[in-house]
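Student: File query-v9.txt follows (compact mmCIF, C-alpha atoms):
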```txt
# COMPACT_ATOMS: atom_id res chain seq x y z
CA MET J 1 -1.74 -85.38 -61.25
CA LYS J 2 -0.69 -83.17 -64.14
CA PHE J 3 -2.47 -80.36 -62.28
CA ALA J 4 -0.43 -81.15 -59.17
CA ILE J 5 2.79 -80.93 -61.18
CA HIS J 6 1.69 -77.57 -62.54
CA LEU J 7 1.02 -76.27 -59.03
CA VAL J 8 4.39 -77.16 -57.58
CA VAL J 9 6.03 -75.69 -60.69
CA VAL J 10 4.23 -72.39 -60.14
CA LEU J 11 5.74 -72.11 -56.67
CA LEU J 12 9.26 -71.77 -58.09
CA ALA J 13 8.25 -68.51 -59.76
CA LEU J 14 7.54 -66.89 -56.39
CA ALA J 15 11.14 -65.83 -55.73
CA SER J 16 11.77 -62.17 -56.49
CA LEU J 17 15.06 -60.81 -57.69
CA GLY J 18 17.28 -57.97 -56.49
CA CYS J 19 19.00 -55.30 -58.55
CA ARG J 20 22.17 -56.03 -60.49
CA GLN J 21 25.36 -54.06 -60.21
CA ASN J 22 26.26 -51.63 -62.97
CA ALA J 23 29.17 -52.50 -65.22
CA VAL J 24 31.01 -51.29 -68.26
CA PRO J 25 30.44 -53.40 -71.41
CA ASP J 26 33.38 -55.61 -72.29
CA ALA J 27 34.03 -55.65 -76.03
CA SER J 28 37.31 -57.59 -75.81
CA ASP J 29 35.79 -60.62 -77.58
CA PRO J 30 33.73 -59.55 -80.60
CA GLY J 31 32.70 -63.11 -81.41
CA GLU J 32 32.28 -64.52 -84.91
CA PRO J 33 31.48 -62.46 -88.02
CA LYS J 34 28.08 -62.84 -89.61
CA PRO J 35 28.00 -65.61 -92.23
CA ASP J 36 28.11 -64.40 -95.82
CA TYR J 37 24.92 -66.21 -96.84
CA ALA J 38 21.40 -64.84 -96.51
CA ALA J 39 19.95 -64.92 -93.00
CA PRO J 40 17.31 -67.59 -92.36
CA GLU J 41 13.83 -66.07 -92.45
CA ARG J 42 12.96 -64.01 -89.34
CA MET J 43 16.28 -64.88 -87.68
CA ALA J 44 19.14 -62.67 -86.47
CA TRP J 45 22.84 -63.48 -86.19
CA VAL J 46 24.17 -63.64 -82.64
CA PRO J 47 27.97 -63.50 -82.91
CA GLY J 48 28.85 -65.27 -79.70
CA GLY J 49 31.95 -64.28 -77.77
CA THR J 50 32.83 -64.13 -74.10
CA PHE J 51 30.40 -62.74 -71.54
CA TRP J 52 29.59 -62.82 -67.84
CA MET J 53 26.67 -65.18 -67.18
CA GLY J 54 24.49 -65.11 -64.07
CA SER J 55 24.76 -62.66 -61.18
CA ASP J 56 26.45 -62.22 -57.83
CA ASP J 57 23.50 -60.76 -55.96
CA GLY J 58 20.47 -62.64 -57.28
CA PRO J 59 18.98 -65.95 -56.10
CA PRO J 60 21.42 -68.81 -55.42
CA ASP J 61 20.75 -70.53 -58.74
CA GLU J 62 22.14 -67.46 -60.60
CA ARG J 63 25.47 -67.72 -58.78
CA PRO J 64 28.32 -67.52 -59.21
CA ARG J 65 28.60 -65.02 -62.01
CA HIS J 66 31.05 -66.65 -64.39
CA GLN J 67 32.62 -66.11 -67.79
CA VAL J 68 31.34 -68.16 -70.71
CA LYS J 69 32.58 -68.28 -74.29
CA LEU J 70 30.05 -69.08 -77.03
CA SER J 71 30.21 -69.80 -80.74
CA GLY J 72 27.99 -67.75 -83.02
CA PHE J 73 24.44 -68.89 -83.84
CA TRP J 74 21.16 -67.75 -85.36
CA MET J 75 18.20 -66.82 -83.15
CA ASP J 76 14.56 -66.16 -83.98
CA ARG J 77 13.93 -62.43 -83.89
CA TYR J 78 10.51 -63.09 -82.38
CA GLU J 79 8.79 -65.64 -80.18
CA VAL J 80 7.07 -68.29 -82.29
CA THR J 81 3.64 -66.89 -83.13
CA ASN J 82 0.21 -68.46 -83.25
CA ALA J 83 0.29 -68.21 -87.06
CA GLU J 84 3.61 -70.04 -87.25
CA PHE J 85 2.53 -72.71 -84.78
CA ALA J 86 -0.74 -73.19 -86.70
CA ARG J 87 1.21 -73.90 -89.90
CA PHE J 88 3.22 -76.53 -88.02
CA VAL J 89 0.07 -78.19 -86.66
CA GLU J 90 -1.59 -78.11 -90.08
CA ALA J 91 1.47 -79.72 -91.68
CA THR J 92 2.01 -82.41 -89.06
CA GLY J 93 -1.27 -82.98 -87.23
CA TYR J 94 0.59 -82.48 -83.97
CA VAL J 95 -1.45 -82.45 -80.76
CA THR J 96 0.06 -80.43 -77.92
CA THR J 97 0.51 -81.65 -74.37
CA ALA J 98 -2.35 -79.46 -73.12
CA GLU J 99 -4.72 -81.00 -75.69
CA ARG J 100 -4.04 -84.62 -74.71
CA PRO J 101 -5.82 -86.69 -72.10
CA LEU J 102 -3.67 -86.79 -69.01
CA ASP J 103 -3.11 -90.53 -69.12
CA GLU J 104 -1.41 -90.03 -72.49
CA VAL J 105 1.08 -87.52 -71.10
CA ASP J 106 4.55 -88.52 -69.91
CA ALA J 107 4.42 -87.00 -66.44
CA ASN J 108 7.89 -88.10 -65.38
CA GLY J 109 6.60 -91.30 -63.87
CA ALA J 110 3.89 -89.63 -61.78
CA ALA J 111 0.53 -91.40 -61.61
CA ASN J 112 -2.34 -89.66 -63.44
CA ARG J 113 -5.71 -90.02 -61.77
CA ASP J 114 -7.67 -87.61 -63.97
CA ASN J 115 -8.21 -87.62 -67.69
CA VAL J 116 -9.04 -84.05 -68.70
CA PRO J 117 -6.92 -82.11 -71.20
CA GLY J 118 -6.24 -78.52 -70.19
CA SER J 119 -3.69 -76.05 -68.94
CA LEU J 120 -2.99 -73.39 -66.32
CA VAL J 121 -4.61 -69.98 -66.82
CA PHE J 122 -4.16 -66.78 -64.84
CA VAL J 123 -7.51 -65.57 -63.49
CA GLN J 124 -7.71 -62.10 -61.96
CA PRO J 125 -8.46 -62.65 -58.23
CA ASN J 126 -10.80 -60.69 -56.02
CA PRO J 127 -8.61 -58.03 -54.32
CA ASN J 128 -10.51 -58.58 -51.08
CA ASP J 129 -9.30 -62.18 -50.98
CA LEU J 130 -5.61 -61.33 -51.21
CA ALA J 131 -2.93 -61.03 -48.56
CA ALA J 132 -0.96 -57.79 -48.37
CA ASN J 133 2.21 -59.52 -49.61
CA PRO J 134 1.71 -61.78 -52.66
CA MET J 135 4.94 -63.59 -51.84
CA LEU J 136 3.18 -64.96 -48.74
CA ASP J 137 -0.14 -65.61 -50.45
CA ASP J 138 -1.58 -68.74 -52.04
CA PRO J 139 -0.97 -68.74 -55.83
CA LEU J 140 -4.10 -70.86 -56.27
CA LYS J 141 -6.00 -67.63 -55.78
CA TRP J 142 -4.96 -66.56 -59.28
CA TRP J 143 -3.98 -69.79 -61.04
CA ARG J 144 -6.62 -72.19 -62.35
CA PHE J 145 -6.33 -75.45 -64.24
CA ILE J 146 -8.86 -74.83 -67.02
CA PRO J 147 -10.09 -77.91 -68.92
CA GLY J 148 -9.89 -77.18 -72.64
CA ALA J 149 -7.30 -74.41 -72.37
CA SER J 150 -4.61 -74.76 -75.04
CA TRP J 151 -2.71 -72.74 -77.63
CA LYS J 152 -5.90 -72.57 -79.72
CA HIS J 153 -8.04 -71.63 -76.72
CA PRO J 154 -5.78 -69.51 -74.46
CA GLU J 155 -8.36 -68.66 -71.80
CA GLY J 156 -10.39 -71.87 -72.11
CA PRO J 157 -12.73 -73.60 -74.57
CA ASN J 158 -14.82 -70.48 -75.19
CA SER J 159 -11.81 -68.44 -76.32
CA ASP J 160 -9.79 -68.51 -79.55
CA ILE J 161 -6.81 -66.86 -81.24
CA LYS J 162 -8.71 -64.95 -83.92
CA GLY J 163 -7.00 -61.57 -84.21
CA LYS J 164 -4.01 -62.88 -82.22
CA GLU J 165 -2.17 -64.54 -85.09
CA ASN J 166 0.90 -62.39 -84.38
CA HIS J 167 0.88 -63.03 -80.62
CA PRO J 168 3.26 -65.65 -79.19
CA ALA J 169 1.92 -69.20 -79.12
CA ILE J 170 1.30 -70.05 -75.45
CA HIS J 171 0.33 -73.13 -73.43
CA ILE J 172 3.40 -74.70 -75.06
CA SER J 173 5.28 -77.43 -73.20
CA TRP J 174 8.99 -78.14 -73.63
CA ASN J 175 8.03 -81.30 -75.49
CA ASP J 176 5.83 -79.26 -77.85
CA ALA J 177 8.59 -76.71 -78.43
CA THR J 178 11.26 -79.28 -79.28
CA THR J 179 8.90 -81.04 -81.69
CA TYR J 180 8.25 -77.76 -83.48
CA CYS J 181 11.99 -77.04 -83.64
CA ARG J 182 12.71 -80.38 -85.28
CA TRP J 183 9.99 -79.73 -87.87
CA ALA J 184 11.42 -76.27 -88.58
CA LYS J 185 14.97 -77.70 -88.83
CA LYS J 186 16.01 -75.61 -85.86
CA ARG J 187 16.55 -76.25 -82.14
CA LEU J 188 15.95 -74.65 -78.79
CA PRO J 189 18.73 -72.32 -77.61
CA THR J 190 20.91 -73.44 -74.76
CA GLU J 191 20.49 -71.48 -71.55
CA ALA J 192 23.85 -69.78 -72.08
CA GLU J 193 22.96 -68.86 -75.66
CA TRP J 194 19.63 -67.47 -74.49
CA GLU J 195 21.20 -65.20 -71.85
CA PHE J 196 23.92 -63.98 -74.20
CA ALA J 197 21.31 -63.24 -76.87
CA ALA J 198 19.03 -61.49 -74.37
CA ARG J 199 21.83 -59.16 -73.29
CA GLY J 200 22.16 -57.90 -76.87
CA GLY J 201 25.88 -57.20 -76.61
CA LEU J 202 25.67 -55.46 -73.22
CA ASP J 203 27.70 -56.85 -70.34
CA ARG J 204 26.50 -57.26 -66.75
CA LYS J 205 23.56 -54.90 -67.17
CA THR J 206 20.40 -55.12 -65.06
CA TYR J 207 17.99 -55.28 -67.98
CA CYS J 208 18.23 -56.48 -71.57
CA TRP J 209 18.43 -52.81 -72.60
CA GLY J 210 20.71 -51.38 -69.89
CA ASP J 211 20.58 -50.36 -66.24
CA GLU J 212 17.55 -48.07 -66.28
CA GLU J 213 14.13 -49.71 -65.98
CA ARG J 214 12.35 -47.04 -68.03
CA PRO J 215 14.88 -45.09 -70.10
CA GLY J 216 13.36 -41.70 -70.80
CA GLY J 217 10.19 -42.91 -69.09
CA LYS J 218 9.58 -45.46 -71.86
CA LEU J 219 8.27 -48.97 -71.19
CA MET J 220 10.61 -51.53 -72.74
CA ALA J 221 8.79 -54.84 -72.25
CA ASN J 222 5.35 -56.35 -71.77
CA THR J 223 5.28 -56.96 -68.03
CA TRP J 224 2.73 -56.36 -65.28
CA GLN J 225 2.18 -52.70 -64.39
CA GLY J 226 0.72 -52.12 -60.96
CA GLU J 227 0.62 -54.22 -57.82
CA PHE J 228 0.53 -57.92 -58.66
CA PRO J 229 -1.95 -59.62 -58.57
CA ARG J 230 -4.25 -56.98 -57.12
CA GLU J 231 -4.25 -54.48 -59.96
CA ASN J 232 -2.99 -54.40 -63.54
CA THR J 233 -3.03 -50.82 -64.83
CA CYS J 234 -2.26 -52.01 -68.39
CA GLU J 235 -0.10 -48.96 -68.87
CA ASP J 236 1.53 -50.70 -71.82
CA GLY J 237 -1.86 -51.39 -73.40
CA PHE J 238 -1.75 -55.17 -72.97
CA LEU J 239 -3.68 -57.18 -70.40
CA ALA J 240 -1.98 -60.42 -71.45
CA THR J 241 0.37 -61.20 -74.36
CA ALA J 242 1.26 -58.53 -76.89
CA PRO J 243 1.89 -58.95 -80.62
CA VAL J 244 5.52 -59.92 -81.05
CA GLY J 245 7.77 -56.96 -81.79
CA SER J 246 5.58 -54.44 -79.93
CA PHE J 247 8.59 -53.17 -77.96
CA PRO J 248 12.07 -52.07 -79.10
CA PRO J 249 14.60 -54.76 -80.10
CA ASN J 250 17.84 -55.29 -78.24
CA GLY J 251 21.31 -54.81 -79.67
CA PHE J 252 21.14 -58.04 -81.68
CA GLY J 253 17.79 -57.16 -83.23
CA LEU J 254 15.85 -59.58 -81.00
CA TYR J 255 12.40 -58.68 -79.69
CA ASP J 256 10.64 -59.56 -76.41
CA MET J 257 13.64 -61.15 -74.72
CA ALA J 258 12.06 -59.76 -71.54
CA GLY J 259 8.40 -60.27 -70.70
CA ASN J 260 5.51 -61.26 -72.99
CA ALA J 261 5.95 -65.07 -72.78
CA TRP J 262 8.37 -67.35 -70.96
CA GLU J 263 10.72 -69.14 -73.37
CA TRP J 264 11.99 -72.69 -73.12
CA CYS J 265 15.70 -73.52 -73.32
CA ALA J 266 17.24 -76.85 -74.26
CA ASP J 267 18.93 -77.45 -70.89
CA TRP J 268 17.94 -79.57 -67.97
CA TYR J 269 17.71 -77.45 -64.83
CA ASP J 270 20.16 -77.82 -61.97
CA PRO J 271 20.16 -75.01 -59.38
CA GLY J 272 23.87 -75.56 -58.70
CA TYR J 273 25.04 -76.00 -62.28
CA TYR J 274 26.92 -72.71 -62.47
CA HIS J 275 29.47 -74.05 -59.97
CA ILE J 276 30.55 -76.75 -62.43
CA SER J 277 29.52 -75.33 -65.80
CA PRO J 278 32.07 -75.61 -68.63
CA SER J 279 33.54 -72.28 -69.71
CA ALA J 280 32.91 -72.88 -73.43
CA ASN J 281 29.53 -73.58 -75.05
CA PRO J 282 27.87 -75.12 -71.97
CA LYS J 283 24.83 -77.26 -72.76
CA GLY J 284 23.53 -77.81 -69.26
CA PRO J 285 23.68 -80.84 -66.98
CA ALA J 286 23.08 -84.38 -68.20
CA ALA J 287 20.00 -84.63 -65.99
CA SER J 288 17.91 -82.53 -63.64
CA PRO J 289 18.00 -83.21 -59.91
CA GLY J 290 14.90 -81.07 -59.43
CA SER J 291 15.18 -78.50 -56.65
CA THR J 292 14.10 -77.77 -53.13
CA ASN J 293 10.72 -76.69 -54.49
CA ILE J 294 10.21 -79.21 -57.29
CA GLU J 295 10.85 -82.91 -57.00
CA PHE J 296 10.44 -83.66 -60.71
CA PRO J 297 13.17 -83.27 -63.37
CA CYS J 298 12.83 -79.85 -64.99
CA ARG J 299 13.92 -77.92 -68.06
CA VAL J 300 14.98 -74.28 -68.03
CA ARG J 301 12.70 -71.37 -68.94
CA ARG J 302 13.94 -67.82 -69.42
CA GLY J 303 12.72 -64.26 -69.98
CA GLY J 304 9.68 -63.84 -67.75
CA SER J 305 6.23 -62.94 -69.00
CA PHE J 306 3.40 -60.42 -68.94
CA LEU J 307 2.76 -61.56 -65.35
CA CYS J 308 6.16 -60.47 -64.03
CA ALA J 309 5.90 -57.51 -61.64
CA GLU J 310 8.26 -55.39 -59.56
CA ASN J 311 6.53 -56.49 -56.34
CA TYR J 312 6.38 -60.20 -57.12
CA CYS J 313 8.47 -61.81 -59.86
CA ARG J 314 11.30 -59.89 -61.53
CA ARG J 315 12.32 -62.86 -63.62
CA TYR J 316 12.26 -60.85 -66.83
CA LEU J 317 15.86 -59.86 -66.04
CA PRO J 318 18.45 -61.48 -68.33
CA SER J 319 20.23 -63.38 -65.55
CA ALA J 320 17.05 -64.84 -64.04
CA ARG J 321 16.41 -68.60 -64.24
CA ASP J 322 13.23 -70.64 -63.96
CA ALA J 323 12.48 -74.37 -64.04
CA ASN J 324 9.47 -76.38 -65.16
CA THR J 325 8.75 -79.98 -66.06
CA PRO J 326 8.87 -80.81 -69.79
CA VAL J 327 5.09 -81.38 -69.79
CA ASP J 328 4.23 -78.09 -68.11
CA SER J 329 2.09 -75.62 -70.03
CA ALA J 330 0.49 -72.33 -69.03
CA CYS J 331 -0.99 -69.15 -70.46
CA HIS J 332 2.36 -67.33 -70.20
CA THR J 333 4.72 -69.93 -71.70
CA GLY J 334 5.99 -70.03 -75.29
CA PHE J 335 9.38 -70.32 -77.03
CA ARG J 336 11.68 -69.23 -79.81
CA CYS J 337 14.17 -71.22 -81.88
CA ALA J 338 17.89 -71.12 -82.54
CA LYS J 339 19.95 -72.56 -85.38
CA ASP J 340 23.61 -73.42 -85.83
CA ARG J 341 25.86 -71.46 -88.17
```
Please express the file's structure as structure tokens.
Tutor:
Amino acid sequence: MKFAIHLVVVLLALASLGCRQNAVPDASDPGEPKPDYAAPERMAWVPGGTFWMGSDDGPPDERPRHQVKLSGFWMDRYEVTNAEFARFVEATGYVTTAERPLDEVDANGAANRDNVPGSLVFVQPNPNDLAANPMLDDPLKWWRFIPGASWKHPEGPNSDIKGKENHPAIHISWNDATTYCRWAKKRLPTEAEWEFAARGGLDRKTYCWGDEERPGGKLMANTWQGEFPRENTCEDGFLATAPVGSFPPNGFGLYDMAGNAWEWCADWYDPGYYHISPSANPKGPAASPGSTNIEFPCRVRRGGSFLCAENYCRRYLPSARDANTPVDSACHTGFRCAKDR
């Protein structure tokens, strides 16, 4: 049944996004000054302030665009890496969701009829089997539940992370991420904190770096190049995840806020939450009603991944939202941590 949950979760990622309107940055609220003590290791200060969250022309769950005021906070400069996650596992003996038998996993009350640990893996499909429009195609043509796939074995039991110590840890569920955060004396960012941090001090821009997809012809994030899922040209040099920090940082000194690996947020997901969201330091709804596509309670993911493409899933844009169950894991899902002042 865990596989079934994964499959319905994948369907939410099928919605593509439109372009965002251009805007002039608003520097009227500079936020909080950087604390006078040394920065926590591998973290950057995000000053908070007032910004416009969401969009007016994207999917319904991004609307309405609304002003939010945030306190300052620390944010990991990079997605949590395999090396960092390995130290956590070595120190605690933690076993991730993907590594547990399914009957040991809290699947939100759903019955589990199988008992095979594993996770979702993208498998390049045969182009001859694909429909012309991937939005109308069956995602099972490129997603597989692979027994034995986990953070230690990203493509399945015959793979490993040797040489990928500085890549983001993937196949990480929300439950895994929050457990790591507690161990590291940190927390997951709220959805509002994540979007503010991703924008890097820019206001109402299309991308984390501005309004131009490729400024000066330069690739700015690890996303899919080519026609998804038919062809990946690997123009950026990466077939899957890239070492963290392979692309330029944003204005706050944060790397890979677009693409590479999806990142969990603390919030429950509610597609209509922006209509009732508090204007100061919102922390998300008290519970998740699910959505029209997913009947299970979900947590928010942000940032897109190496599988996001112009013709399929533009959810690497800073306003884009995504929802997955807390036990979901896949080859494109990781996280980064935040910390209070």
Student: Name the closest residue to Phe335 in chain J among the candidates J:Asp267, J:Glu310, J:Glu165, J:Asp176; distances are taken between atoms, counting only C-alpha atoms.
Tutor: J:Asp176
Student: Have a look at CA of Asn250 in chain J and CA of Gly303 in chain J and let me know their distance in Å, one decimal.
Tutor: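 According to the coordinates, CA of Asn250 in chain J and CA of Gly303 in chain J are separated by 13.2 Å.
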Student: What is the CA of Ser319 in chain J-CA of Asp270 in chain J distance in Å, reported with one decimal?
Tutor: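 We find that CA of Ser319 in chain J and CA of Asp270 in chain J lie 14.9 Å from each other.
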Student: Taking all atoms listed in the file into account, which of J:Tyr255, J:Tyr269, J:Phe238, J:Trp174 comes nearest Trp224 in chain J?
Tutor: J:Phe238
Student: Give as a PyMOL selection string the set of residues within 12 Å of the point (-7.0, -74.1, -65.9), where distances use the file's coordinates and all atoms listed in the file.
Tutor: chain J and resi 2-4+6-7+98+116-123+140+142-150+153-157+171+329-331
Student: Quick one: of J:Ser246, J:Asn281, J:Thr325, J:Thr206, who's nearest to Trp264 in chain J, counting all atoms listed in the file?
Tutor: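 Nearest candidate to Trp264 in chain J out of J:Ser246, J:Asn281, J:Thr325, J:Thr206: J:Thr325.
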Student: What does the distance from CA of Arg182 in chain J to CA of Lys162 in chain J come to in Å, to one decimal?
Tutor: 26.4 Å
Student: Using only C-alpha atoms, what table do you get, as CSV, when you list each residue of range 222-319 of chain J with an atom no more than 7 Å from range 74-87 of chain J, its nearest pair of atoms, and their distance in Å rounded to one decimal, rows by chain then rising number?
Tutor:
```
residue,atom,partner,partner_atom,distance
J:Val244,CA,J:Tyr78,CA,6.1
J:Gly245,CA,J:Tyr78,CA,6.7
J:Gly253,CA,J:Arg77,CA,6.6
J:Leu254,CA,J:Arg77,CA,4.5
J:Tyr255,CA,J:Tyr78,CA,5.5
J:Asp256,CA,J:Tyr78,CA,6.9
```
